[in-house]
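Below: model28.cif (mmCIF, N, CA and C atoms)
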```cif
data_model
loop_
_atom_site.label_atom_id
_atom_site.label_comp_id
_atom_site.auth_asym_id
_atom_site.auth_seq_id
_atom_site.Cartn_x
_atom_site.Cartn_y
_atom_site.Cartn_z
N MET A 707 -1.39 6.10 -2.26
CA MET A 707 -2.25 5.05 -2.73
C MET A 707 -1.68 4.49 -4.02
N ARG A 708 -1.99 3.26 -4.29
CA ARG A 708 -1.51 2.53 -5.47
C ARG A 708 -2.71 2.25 -6.37
N ALA A 709 -2.53 2.40 -7.68
CA ALA A 709 -3.57 2.06 -8.66
C ALA A 709 -3.08 0.88 -9.49
N VAL A 710 -4.01 0.03 -9.87
CA VAL A 710 -3.67 -1.11 -10.74
C VAL A 710 -4.63 -1.09 -11.93
N ILE A 711 -4.05 -1.29 -13.11
CA ILE A 711 -4.82 -1.30 -14.34
C ILE A 711 -4.57 -2.63 -15.06
N PRO A 712 -5.57 -3.52 -15.12
CA PRO A 712 -5.40 -4.72 -15.93
C PRO A 712 -5.54 -4.31 -17.40
N PHE A 713 -4.61 -4.77 -18.25
CA PHE A 713 -4.61 -4.32 -19.64
C PHE A 713 -4.31 -5.47 -20.58
N LYS A 714 -5.13 -5.58 -21.62
CA LYS A 714 -4.94 -6.60 -22.65
C LYS A 714 -4.84 -5.91 -24.00
N LYS A 715 -3.68 -6.01 -24.63
CA LYS A 715 -3.49 -5.41 -25.95
C LYS A 715 -3.86 -6.39 -27.06
N ASN A 716 -3.41 -7.63 -26.93
CA ASN A 716 -3.69 -8.64 -27.96
C ASN A 716 -5.16 -9.02 -27.96
N ASN A 717 -5.80 -8.89 -29.10
CA ASN A 717 -7.23 -9.15 -29.24
C ASN A 717 -8.06 -8.31 -28.28
N ALA A 718 -7.63 -7.07 -28.07
CA ALA A 718 -8.31 -6.15 -27.17
C ALA A 718 -9.68 -5.78 -27.71
N LYS A 719 -10.56 -5.46 -26.80
CA LYS A 719 -11.90 -4.97 -27.16
C LYS A 719 -12.57 -5.87 -28.19
N SER A 720 -12.54 -7.17 -27.93
CA SER A 720 -13.03 -8.16 -28.90
C SER A 720 -14.51 -7.98 -29.22
N ARG A 721 -15.28 -7.40 -28.33
CA ARG A 721 -16.71 -7.18 -28.63
C ARG A 721 -16.90 -6.18 -29.77
N LEU A 722 -15.86 -5.42 -30.09
CA LEU A 722 -15.93 -4.47 -31.20
C LEU A 722 -15.40 -5.05 -32.51
N SER A 723 -15.14 -6.35 -32.53
CA SER A 723 -14.50 -6.97 -33.70
C SER A 723 -15.35 -6.87 -34.98
N SER A 724 -16.64 -6.72 -34.84
CA SER A 724 -17.48 -6.57 -36.03
C SER A 724 -17.39 -5.16 -36.61
N LEU A 725 -16.85 -4.23 -35.84
CA LEU A 725 -16.75 -2.84 -36.28
C LEU A 725 -15.32 -2.38 -36.56
N LEU A 726 -14.36 -2.95 -35.82
CA LEU A 726 -12.98 -2.49 -35.92
C LEU A 726 -12.04 -3.64 -36.21
N SER A 727 -10.96 -3.35 -36.94
CA SER A 727 -9.94 -4.37 -37.20
C SER A 727 -9.14 -4.63 -35.93
N VAL A 728 -8.34 -5.67 -35.95
CA VAL A 728 -7.48 -5.99 -34.81
C VAL A 728 -6.58 -4.80 -34.48
N LYS A 729 -5.97 -4.23 -35.50
CA LYS A 729 -5.07 -3.08 -35.29
C LYS A 729 -5.82 -1.89 -34.70
N GLU A 730 -7.02 -1.62 -35.20
CA GLU A 730 -7.81 -0.50 -34.69
C GLU A 730 -8.20 -0.72 -33.23
N ARG A 731 -8.54 -1.96 -32.89
CA ARG A 731 -8.90 -2.26 -31.50
C ARG A 731 -7.70 -2.14 -30.58
N GLU A 732 -6.52 -2.56 -31.04
CA GLU A 732 -5.30 -2.41 -30.24
C GLU A 732 -4.98 -0.93 -30.04
N GLU A 733 -5.14 -0.14 -31.11
CA GLU A 733 -4.89 1.30 -30.99
C GLU A 733 -5.88 1.95 -30.04
N LEU A 734 -7.14 1.53 -30.09
CA LEU A 734 -8.15 2.05 -29.18
C LEU A 734 -7.80 1.70 -27.73
N ALA A 735 -7.42 0.45 -27.52
CA ALA A 735 -7.05 0.01 -26.17
C ALA A 735 -5.86 0.81 -25.65
N MET A 736 -4.86 1.04 -26.49
CA MET A 736 -3.69 1.82 -26.06
C MET A 736 -4.08 3.27 -25.76
N ALA A 737 -4.96 3.84 -26.58
CA ALA A 737 -5.42 5.22 -26.33
C ALA A 737 -6.20 5.30 -25.01
N MET A 738 -7.03 4.30 -24.76
CA MET A 738 -7.78 4.28 -23.50
C MET A 738 -6.84 4.13 -22.31
N LEU A 739 -5.82 3.27 -22.45
CA LEU A 739 -4.85 3.09 -21.38
C LEU A 739 -4.11 4.40 -21.11
N LYS A 740 -3.72 5.09 -22.17
CA LYS A 740 -3.04 6.37 -22.01
C LYS A 740 -3.93 7.38 -21.29
N ASP A 741 -5.21 7.45 -21.67
CA ASP A 741 -6.15 8.37 -21.02
C ASP A 741 -6.30 8.06 -19.53
N VAL A 742 -6.48 6.79 -19.20
CA VAL A 742 -6.65 6.40 -17.80
C VAL A 742 -5.39 6.70 -17.01
N THR A 743 -4.23 6.33 -17.57
CA THR A 743 -2.96 6.57 -16.88
C THR A 743 -2.73 8.06 -16.67
N CYS A 744 -2.98 8.87 -17.69
CA CYS A 744 -2.81 10.33 -17.56
C CYS A 744 -3.75 10.91 -16.51
N ALA A 745 -4.98 10.41 -16.45
CA ALA A 745 -5.94 10.88 -15.45
C ALA A 745 -5.47 10.52 -14.04
N LEU A 746 -4.95 9.31 -13.88
CA LEU A 746 -4.47 8.89 -12.56
C LEU A 746 -3.27 9.73 -12.12
N VAL A 747 -2.32 9.92 -13.04
CA VAL A 747 -1.14 10.73 -12.73
C VAL A 747 -1.57 12.17 -12.43
N GLY A 748 -2.45 12.71 -13.27
CA GLY A 748 -2.91 14.09 -13.11
C GLY A 748 -3.68 14.33 -11.82
N SER A 749 -4.29 13.28 -11.28
CA SER A 749 -5.06 13.44 -10.05
C SER A 749 -4.16 13.72 -8.86
N GLY A 750 -2.91 13.28 -8.95
CA GLY A 750 -1.99 13.45 -7.84
C GLY A 750 -2.29 12.57 -6.63
N CYS A 751 -3.21 11.63 -6.79
CA CYS A 751 -3.64 10.78 -5.67
C CYS A 751 -2.87 9.47 -5.56
N PHE A 752 -2.09 9.14 -6.59
CA PHE A 752 -1.48 7.82 -6.64
C PHE A 752 0.04 7.92 -6.66
N GLU A 753 0.65 7.25 -5.70
CA GLU A 753 2.12 7.21 -5.65
C GLU A 753 2.66 6.20 -6.64
N VAL A 754 1.91 5.13 -6.87
CA VAL A 754 2.36 4.04 -7.75
C VAL A 754 1.20 3.65 -8.67
N ILE A 755 1.51 3.45 -9.94
CA ILE A 755 0.54 2.93 -10.89
C ILE A 755 1.15 1.68 -11.52
N ASP A 756 0.47 0.55 -11.35
CA ASP A 756 0.90 -0.72 -11.93
C ASP A 756 -0.04 -1.11 -13.05
N ILE A 757 0.52 -1.47 -14.19
CA ILE A 757 -0.26 -1.99 -15.31
C ILE A 757 0.06 -3.47 -15.44
N LEU A 758 -0.96 -4.31 -15.29
CA LEU A 758 -0.81 -5.76 -15.45
C LEU A 758 -1.12 -6.09 -16.89
N SER A 759 -0.15 -6.65 -17.61
CA SER A 759 -0.34 -6.89 -19.04
C SER A 759 0.42 -8.11 -19.51
N SER A 760 -0.11 -8.75 -20.55
CA SER A 760 0.60 -9.86 -21.18
C SER A 760 1.40 -9.36 -22.38
N SER A 761 1.34 -8.07 -22.67
CA SER A 761 2.06 -7.47 -23.79
C SER A 761 3.11 -6.49 -23.29
N ILE A 762 4.21 -6.41 -24.00
CA ILE A 762 5.24 -5.43 -23.66
C ILE A 762 4.74 -4.07 -24.16
N ILE A 763 4.59 -3.16 -23.24
CA ILE A 763 4.16 -1.81 -23.58
C ILE A 763 5.07 -0.83 -22.86
N ASP A 764 5.08 0.40 -23.32
CA ASP A 764 5.98 1.40 -22.76
C ASP A 764 5.17 2.57 -22.22
N PHE A 765 5.16 2.71 -20.91
CA PHE A 765 4.51 3.83 -20.25
C PHE A 765 5.46 4.33 -19.17
N GLU A 766 5.91 5.56 -19.32
CA GLU A 766 6.87 6.11 -18.36
C GLU A 766 6.27 6.32 -16.98
N ALA A 767 4.99 6.62 -16.91
CA ALA A 767 4.38 6.98 -15.63
C ALA A 767 3.88 5.78 -14.84
N ALA A 768 4.12 4.57 -15.35
CA ALA A 768 3.58 3.38 -14.69
C ALA A 768 4.57 2.24 -14.71
N ASN A 769 4.41 1.35 -13.74
CA ASN A 769 5.17 0.10 -13.72
C ASN A 769 4.42 -0.92 -14.55
N ILE A 770 5.13 -1.63 -15.40
CA ILE A 770 4.51 -2.67 -16.20
C ILE A 770 4.82 -4.02 -15.54
N VAL A 771 3.77 -4.75 -15.21
CA VAL A 771 3.91 -6.08 -14.63
C VAL A 771 3.52 -7.07 -15.72
N LEU A 772 4.51 -7.69 -16.34
CA LEU A 772 4.26 -8.63 -17.43
C LEU A 772 3.83 -9.99 -16.89
N THR A 773 2.88 -10.59 -17.57
CA THR A 773 2.40 -11.89 -17.16
C THR A 773 1.94 -12.67 -18.38
N GLU A 774 1.98 -13.98 -18.27
CA GLU A 774 1.43 -14.84 -19.32
C GLU A 774 0.07 -15.38 -18.91
N LYS A 775 -0.32 -15.09 -17.69
CA LYS A 775 -1.59 -15.58 -17.17
C LYS A 775 -2.73 -14.68 -17.64
N GLY A 776 -3.95 -15.15 -17.48
CA GLY A 776 -5.12 -14.34 -17.79
C GLY A 776 -5.23 -13.18 -16.81
N LEU A 777 -5.89 -12.12 -17.24
CA LEU A 777 -5.96 -10.93 -16.39
C LEU A 777 -6.69 -11.18 -15.08
N ASN A 778 -7.76 -11.97 -15.09
CA ASN A 778 -8.46 -12.25 -13.84
C ASN A 778 -7.55 -12.96 -12.85
N GLU A 779 -6.83 -13.95 -13.33
CA GLU A 779 -5.93 -14.72 -12.46
C GLU A 779 -4.81 -13.84 -11.91
N VAL A 780 -4.18 -13.05 -12.78
CA VAL A 780 -3.07 -12.21 -12.32
C VAL A 780 -3.57 -11.09 -11.41
N LEU A 781 -4.76 -10.59 -11.66
CA LEU A 781 -5.32 -9.55 -10.79
C LEU A 781 -5.60 -10.10 -9.40
N ASN A 782 -6.14 -11.32 -9.34
CA ASN A 782 -6.36 -11.96 -8.04
C ASN A 782 -5.05 -12.18 -7.30
N GLU A 783 -4.01 -12.62 -8.02
CA GLU A 783 -2.69 -12.80 -7.40
C GLU A 783 -2.13 -11.46 -6.92
N TYR A 784 -2.29 -10.44 -7.72
CA TYR A 784 -1.80 -9.11 -7.37
C TYR A 784 -2.45 -8.64 -6.06
N PHE A 785 -3.78 -8.76 -5.97
CA PHE A 785 -4.46 -8.33 -4.76
C PHE A 785 -4.06 -9.18 -3.55
N GLN A 786 -3.85 -10.47 -3.78
CA GLN A 786 -3.40 -11.35 -2.70
C GLN A 786 -2.04 -10.88 -2.18
N LYS A 787 -1.12 -10.61 -3.10
CA LYS A 787 0.21 -10.14 -2.69
C LYS A 787 0.13 -8.79 -2.00
N MET A 788 -0.71 -7.90 -2.52
CA MET A 788 -0.82 -6.57 -1.93
C MET A 788 -1.45 -6.63 -0.55
N SER A 789 -2.34 -7.60 -0.32
CA SER A 789 -2.97 -7.71 1.00
C SER A 789 -1.96 -8.14 2.06
N CYS A 790 -0.86 -8.76 1.63
CA CYS A 790 0.21 -9.17 2.54
C CYS A 790 1.31 -8.12 2.62
N HIS A 791 1.19 -7.08 1.84
CA HIS A 791 2.21 -6.03 1.78
C HIS A 791 2.31 -5.35 3.14
N SER A 792 3.52 -5.13 3.60
CA SER A 792 3.73 -4.61 4.95
C SER A 792 3.17 -3.21 5.14
N MET A 793 3.09 -2.41 4.08
CA MET A 793 2.60 -1.05 4.22
C MET A 793 1.08 -0.99 4.27
N LYS A 794 0.41 -2.03 3.84
CA LYS A 794 -1.05 -2.08 3.82
C LYS A 794 -1.66 -0.86 3.14
N GLU A 795 -1.02 -0.43 2.06
CA GLU A 795 -1.53 0.74 1.35
C GLU A 795 -2.77 0.37 0.56
N PRO A 796 -3.71 1.29 0.41
CA PRO A 796 -4.90 0.98 -0.37
C PRO A 796 -4.58 0.84 -1.85
N VAL A 797 -5.35 0.01 -2.53
CA VAL A 797 -5.17 -0.22 -3.97
C VAL A 797 -6.49 0.12 -4.66
N SER A 798 -6.40 0.91 -5.71
CA SER A 798 -7.56 1.26 -6.51
C SER A 798 -7.47 0.53 -7.83
N ASN A 799 -8.53 -0.15 -8.24
CA ASN A 799 -8.55 -0.93 -9.45
C ASN A 799 -9.24 -0.14 -10.57
N HIS A 800 -8.57 0.02 -11.70
CA HIS A 800 -9.13 0.76 -12.83
C HIS A 800 -9.15 -0.13 -14.05
N TYR A 801 -10.34 -0.37 -14.59
CA TYR A 801 -10.48 -1.17 -15.80
C TYR A 801 -10.55 -0.25 -16.99
N GLY A 802 -9.81 -0.62 -18.06
CA GLY A 802 -9.80 0.18 -19.28
C GLY A 802 -10.73 -0.35 -20.31
#
```

Represent the structure from my file as structure tokens, please.
Amino acid sequence: MRAVIPFKKNNAKSRLSSLLSVKEREELAMAMLKDVTCALVGSGCFEVIDILSSSIIDFEAANIVLTEKGLNEVLNEYFQKMSCHSMKEPVSNHYG
């Protein structure tokens, strides 16, 4: 099975802007991404983990799919492409 994680580092967790600085929110988002990715890897259920992001990030256990588009748009495109994938493998969506 394949997992996909839409991820936004720039201006992440904007609803927390009254409590946390931009840097703190980015660090929180990265920590949450690490937790989710580690949980997915640790489950042993996923052969592939794709992170859709507009930021360059480094995660050894996942493929980074860089995009300049909004996460909703790129996620819709991702699912469209995966639905045409010859293996028809299931995709699990994880929001951070």

Shell around Glu753 in chain A at 9 Å using only C-alpha atoms, local window under 5 positions removed, as an MDAnalysis selection string: chainID A and resid 707:709 747

In Å, rounded to a single decimal, give me how far atom C of Phe752 in chain A is from CA of Gly776 in chain A.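 Between these atoms lies a distance of 25.4 Å.
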
Could you list, as JSON, numbers by chain, every residue within 6 Å of Ala767 in chain A, counting all atoms listed in the file and ignoring same-chain residues fewer than 2 positions away? {"A": [755, 765, 769]}

Could you state which residues are captured by the PyMOL selection byres ((chain A and resi 737-744) around 8) in this file, as a PyMOL selection string? chain A and resi 713+731-736+745-750+755+767-768+800-802

For the structure shown, which residues end up in the PyMOL selection byres ((chain A and resi 761) around 7)? Put them as a list in words, please? Phe713, Lys714, Lys715, Asn716, Leu758, Ser759, Ser760, Ile762, Ile763, Leu772 and Thr773 of chain A

When DSSP works through the backbone of this structure, what residues of chain A end up as helix (DSSP H, G or I), shown as a VMD selection string? chain A and resid 720 to 722 728 to 749 777 to 789

Could you tell me how far CA of Phe785 in chain A lies from atom N of Pro712 in chain A, in Å and to one decimal?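 Atom-to-atom, CA of Phe785 in chain A to atom N of Pro712 in chain A, that is 11.5 Å.
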
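In this structure, CA of Ile770 in chain A sits 4.9 Å away from CA of Ile757 in chain A.
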
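Here the DSSP assignment of strand (DSSP E or B), based on backbone atoms, applies within chain A to Arg708, Ala709, Val710, Ile711, Pro712, Phe713, Val754, Ile755, Asp756, Ile757, Leu758, Ser759, Asn769, Ile770, Val771, Leu772, Val797, Ser798 and Asn799 of chain A.
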
Dump of N, CA and C atoms for the selected residues, as an mmCIF file, in the frame of the given file:
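What follows is the written file again.cif:
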```
data_model
loop_
_atom_site.group_PDB
_atom_site.id
_atom_site.type_symbol
_atom_site.label_atom_id
_atom_site.label_comp_id
_atom_site.auth_asym_id
_atom_site.auth_seq_id
_atom_site.Cartn_x
_atom_site.Cartn_y
_atom_site.Cartn_z
ATOM 1 N N ARG A 708 -1.990 3.260 -4.290
ATOM 2 C CA ARG A 708 -1.510 2.530 -5.470
ATOM 3 C C ARG A 708 -2.710 2.250 -6.370
ATOM 4 N N ALA A 709 -2.530 2.400 -7.680
ATOM 5 C CA ALA A 709 -3.570 2.060 -8.660
ATOM 6 C C ALA A 709 -3.080 0.880 -9.490
ATOM 7 N N VAL A 710 -4.010 0.030 -9.870
ATOM 8 C CA VAL A 710 -3.670 -1.110 -10.740
ATOM 9 C C VAL A 710 -4.630 -1.090 -11.930
ATOM 10 N N ILE A 711 -4.050 -1.290 -13.110
ATOM 11 C CA ILE A 711 -4.820 -1.300 -14.340
ATOM 12 C C ILE A 711 -4.570 -2.630 -15.060
ATOM 13 N N PRO A 712 -5.570 -3.520 -15.120
ATOM 14 C CA PRO A 712 -5.400 -4.720 -15.930
ATOM 15 C C PRO A 712 -5.540 -4.310 -17.400
ATOM 16 N N PHE A 713 -4.610 -4.770 -18.250
ATOM 17 C CA PHE A 713 -4.610 -4.320 -19.640
ATOM 18 C C PHE A 713 -4.310 -5.470 -20.580
ATOM 19 N N VAL A 754 1.910 5.130 -6.870
ATOM 20 C CA VAL A 754 2.360 4.040 -7.750
ATOM 21 C C VAL A 754 1.200 3.650 -8.670
ATOM 22 N N ILE A 755 1.510 3.450 -9.940
ATOM 23 C CA ILE A 755 0.540 2.930 -10.890
ATOM 24 C C ILE A 755 1.150 1.680 -11.520
ATOM 25 N N ASP A 756 0.470 0.550 -11.350
ATOM 26 C CA ASP A 756 0.900 -0.720 -11.930
ATOM 27 C C ASP A 756 -0.040 -1.110 -13.050
ATOM 28 N N ILE A 757 0.520 -1.470 -14.190
ATOM 29 C CA ILE A 757 -0.260 -1.990 -15.310
ATOM 30 C C ILE A 757 0.060 -3.470 -15.440
ATOM 31 N N LEU A 758 -0.960 -4.310 -15.290
ATOM 32 C CA LEU A 758 -0.810 -5.760 -15.450
ATOM 33 C C LEU A 758 -1.120 -6.090 -16.890
ATOM 34 N N SER A 759 -0.150 -6.650 -17.610
ATOM 35 C CA SER A 759 -0.340 -6.890 -19.040
ATOM 36 C C SER A 759 0.420 -8.110 -19.510
ATOM 37 N N ASN A 769 4.410 1.350 -13.740
ATOM 38 C CA ASN A 769 5.170 0.100 -13.720
ATOM 39 C C ASN A 769 4.420 -0.920 -14.550
ATOM 40 N N ILE A 770 5.130 -1.630 -15.400
ATOM 41 C CA ILE A 770 4.510 -2.670 -16.200
ATOM 42 C C ILE A 770 4.820 -4.020 -15.540
ATOM 43 N N VAL A 771 3.770 -4.750 -15.210
ATOM 44 C CA VAL A 771 3.910 -6.080 -14.630
ATOM 45 C C VAL A 771 3.520 -7.070 -15.720
ATOM 46 N N LEU A 772 4.510 -7.690 -16.340
ATOM 47 C CA LEU A 772 4.260 -8.630 -17.430
ATOM 48 C C LEU A 772 3.830 -9.990 -16.890
ATOM 49 N N VAL A 797 -5.350 0.010 -2.530
ATOM 50 C CA VAL A 797 -5.170 -0.220 -3.970
ATOM 51 C C VAL A 797 -6.490 0.120 -4.660
ATOM 52 N N SER A 798 -6.400 0.910 -5.710
ATOM 53 C CA SER A 798 -7.560 1.260 -6.510
ATOM 54 C C SER A 798 -7.470 0.530 -7.830
ATOM 55 N N ASN A 799 -8.530 -0.150 -8.240
ATOM 56 C CA ASN A 799 -8.550 -0.930 -9.450
ATOM 57 C C ASN A 799 -9.240 -0.140 -10.570
#
```

Please produce range 759-782 of chain A, completed to N, CA, C and O atoms, as a JSON list (two decimals), in the coordinates of the input.
```json
[["chain", "number", "residue", "atom", "x", "y", "z"],
["A", 759, "SER", "N", -0.15, -6.65, -17.61],
["A", 759, "SER", "CA", -0.34, -6.89, -19.04],
["A", 759, "SER", "C", 0.42, -8.11, -19.51],
["A", 759, "SER", "O", 1.49, -8.43, -18.98],
["A", 760, "SER", "N", -0.11, -8.75, -20.55],
["A", 760, "SER", "CA", 0.60, -9.86, -21.18],
["A", 760, "SER", "C", 1.40, -9.36, -22.38],
["A", 760, "SER", "O", 2.08, -10.14, -23.04],
["A", 761, "SER", "N", 1.34, -8.07, -22.67],
["A", 761, "SER", "CA", 2.06, -7.47, -23.79],
["A", 761, "SER", "C", 3.11, -6.49, -23.29],
["A", 761, "SER", "O", 2.90, -5.81, -22.28],
["A", 762, "ILE", "N", 4.21, -6.41, -24.00],
["A", 762, "ILE", "CA", 5.24, -5.43, -23.66],
["A", 762, "ILE", "C", 4.74, -4.07, -24.16],
["A", 762, "ILE", "O", 4.46, -3.91, -25.34],
["A", 763, "ILE", "N", 4.59, -3.16, -23.24],
["A", 763, "ILE", "CA", 4.16, -1.81, -23.58],
["A", 763, "ILE", "C", 5.07, -0.83, -22.86],
["A", 763, "ILE", "O", 5.75, -1.19, -21.90],
["A", 764, "ASP", "N", 5.08, 0.40, -23.32],
["A", 764, "ASP", "CA", 5.98, 1.40, -22.76],
["A", 764, "ASP", "C", 5.17, 2.57, -22.22],
["A", 764, "ASP", "O", 4.54, 3.30, -22.98],
["A", 765, "PHE", "N", 5.16, 2.71, -20.91],
["A", 765, "PHE", "CA", 4.51, 3.83, -20.25],
["A", 765, "PHE", "C", 5.46, 4.33, -19.17],
["A", 765, "PHE", "O", 5.76, 3.62, -18.22],
["A", 766, "GLU", "N", 5.91, 5.56, -19.32],
["A", 766, "GLU", "CA", 6.87, 6.11, -18.36],
["A", 766, "GLU", "C", 6.27, 6.32, -16.98],
["A", 766, "GLU", "O", 6.97, 6.20, -15.99],
["A", 767, "ALA", "N", 4.99, 6.62, -16.91],
["A", 767, "ALA", "CA", 4.38, 6.98, -15.63],
["A", 767, "ALA", "C", 3.88, 5.78, -14.84],
["A", 767, "ALA", "O", 3.29, 5.95, -13.79],
["A", 768, "ALA", "N", 4.12, 4.57, -15.35],
["A", 768, "ALA", "CA", 3.58, 3.38, -14.69],
["A", 768, "ALA", "C", 4.57, 2.24, -14.71],
["A", 768, "ALA", "O", 5.45, 2.17, -15.56],
["A", 769, "ASN", "N", 4.41, 1.35, -13.74],
["A", 769, "ASN", "CA", 5.17, 0.10, -13.72],
["A", 769, "ASN", "C", 4.42, -0.92, -14.55],
["A", 769, "ASN", "O", 3.21, -1.06, -14.41],
["A", 770, "ILE", "N", 5.13, -1.63, -15.40],
["A", 770, "ILE", "CA", 4.51, -2.67, -16.20],
["A", 770, "ILE", "C", 4.82, -4.02, -15.54],
["A", 770, "ILE", "O", 5.98, -4.36, -15.33],
["A", 771, "VAL", "N", 3.77, -4.75, -15.21],
["A", 771, "VAL", "CA", 3.91, -6.08, -14.63],
["A", 771, "VAL", "C", 3.52, -7.07, -15.72],
["A", 771, "VAL", "O", 2.33, -7.22, -16.03],
["A", 772, "LEU", "N", 4.51, -7.69, -16.34],
["A", 772, "LEU", "CA", 4.26, -8.63, -17.43],
["A", 772, "LEU", "C", 3.83, -9.99, -16.89],
["A", 772, "LEU", "O", 4.36, -10.47, -15.88],
["A", 773, "THR", "N", 2.88, -10.59, -17.57],
["A", 773, "THR", "CA", 2.40, -11.89, -17.16],
["A", 773, "THR", "C", 1.94, -12.67, -18.38],
["A", 773, "THR", "O", 1.54, -12.09, -19.38],
["A", 774, "GLU", "N", 1.98, -13.98, -18.27],
["A", 774, "GLU", "CA", 1.43, -14.84, -19.32],
["A", 774, "GLU", "C", 0.07, -15.38, -18.91],
["A", 774, "GLU", "O", -0.60, -16.03, -19.70],
["A", 775, "LYS", "N", -0.32, -15.09, -17.69],
["A", 775, "LYS", "CA", -1.59, -15.58, -17.17],
["A", 775, "LYS", "C", -2.73, -14.68, -17.64],
["A", 775, "LYS", "O", -2.52, -13.56, -18.09],
["A", 776, "GLY", "N", -3.95, -15.15, -17.48],
["A", 776, "GLY", "CA", -5.12, -14.34, -17.79],
["A", 776, "GLY", "C", -5.23, -13.18, -16.81],
["A", 776, "GLY", "O", -4.73, -13.26, -15.68],
["A", 777, "LEU", "N", -5.89, -12.12, -17.24],
["A", 777, "LEU", "CA", -5.96, -10.93, -16.39],
["A", 777, "LEU", "C", -6.69, -11.18, -15.08],
["A", 777, "LEU", "O", -6.30, -10.64, -14.05],
["A", 778, "ASN", "N", -7.76, -11.97, -15.09],
["A", 778, "ASN", "CA", -8.46, -12.25, -13.84],
["A", 778, "ASN", "C", -7.55, -12.96, -12.85],
["A", 778, "ASN", "O", -7.51, -12.61, -11.67],
["A", 779, "GLU", "N", -6.83, -13.95, -13.33],
["A", 779, "GLU", "CA", -5.93, -14.72, -12.46],
["A", 779, "GLU", "C", -4.81, -13.84, -11.91],
["A", 779, "GLU", "O", -4.52, -13.85, -10.72],
["A", 780, "VAL", "N", -4.18, -13.05, -12.78],
["A", 780, "VAL", "CA", -3.07, -12.21, -12.32],
["A", 780, "VAL", "C", -3.57, -11.09, -11.41],
["A", 780, "VAL", "O", -2.89, -10.70, -10.46],
["A", 781, "LEU", "N", -4.76, -10.59, -11.66],
["A", 781, "LEU", "CA", -5.32, -9.55, -10.79],
["A", 781, "LEU", "C", -5.60, -10.10, -9.40],
["A", 781, "LEU", "O", -5.29, -9.46, -8.39],
["A", 782, "ASN", "N", -6.14, -11.32, -9.34],
["A", 782, "ASN", "CA", -6.36, -11.96, -8.04],
["A", 782, "ASN", "C", -5.05, -12.18, -7.30],
["A", 782, "ASN", "O", -4.96, -11.93, -6.09]]
```
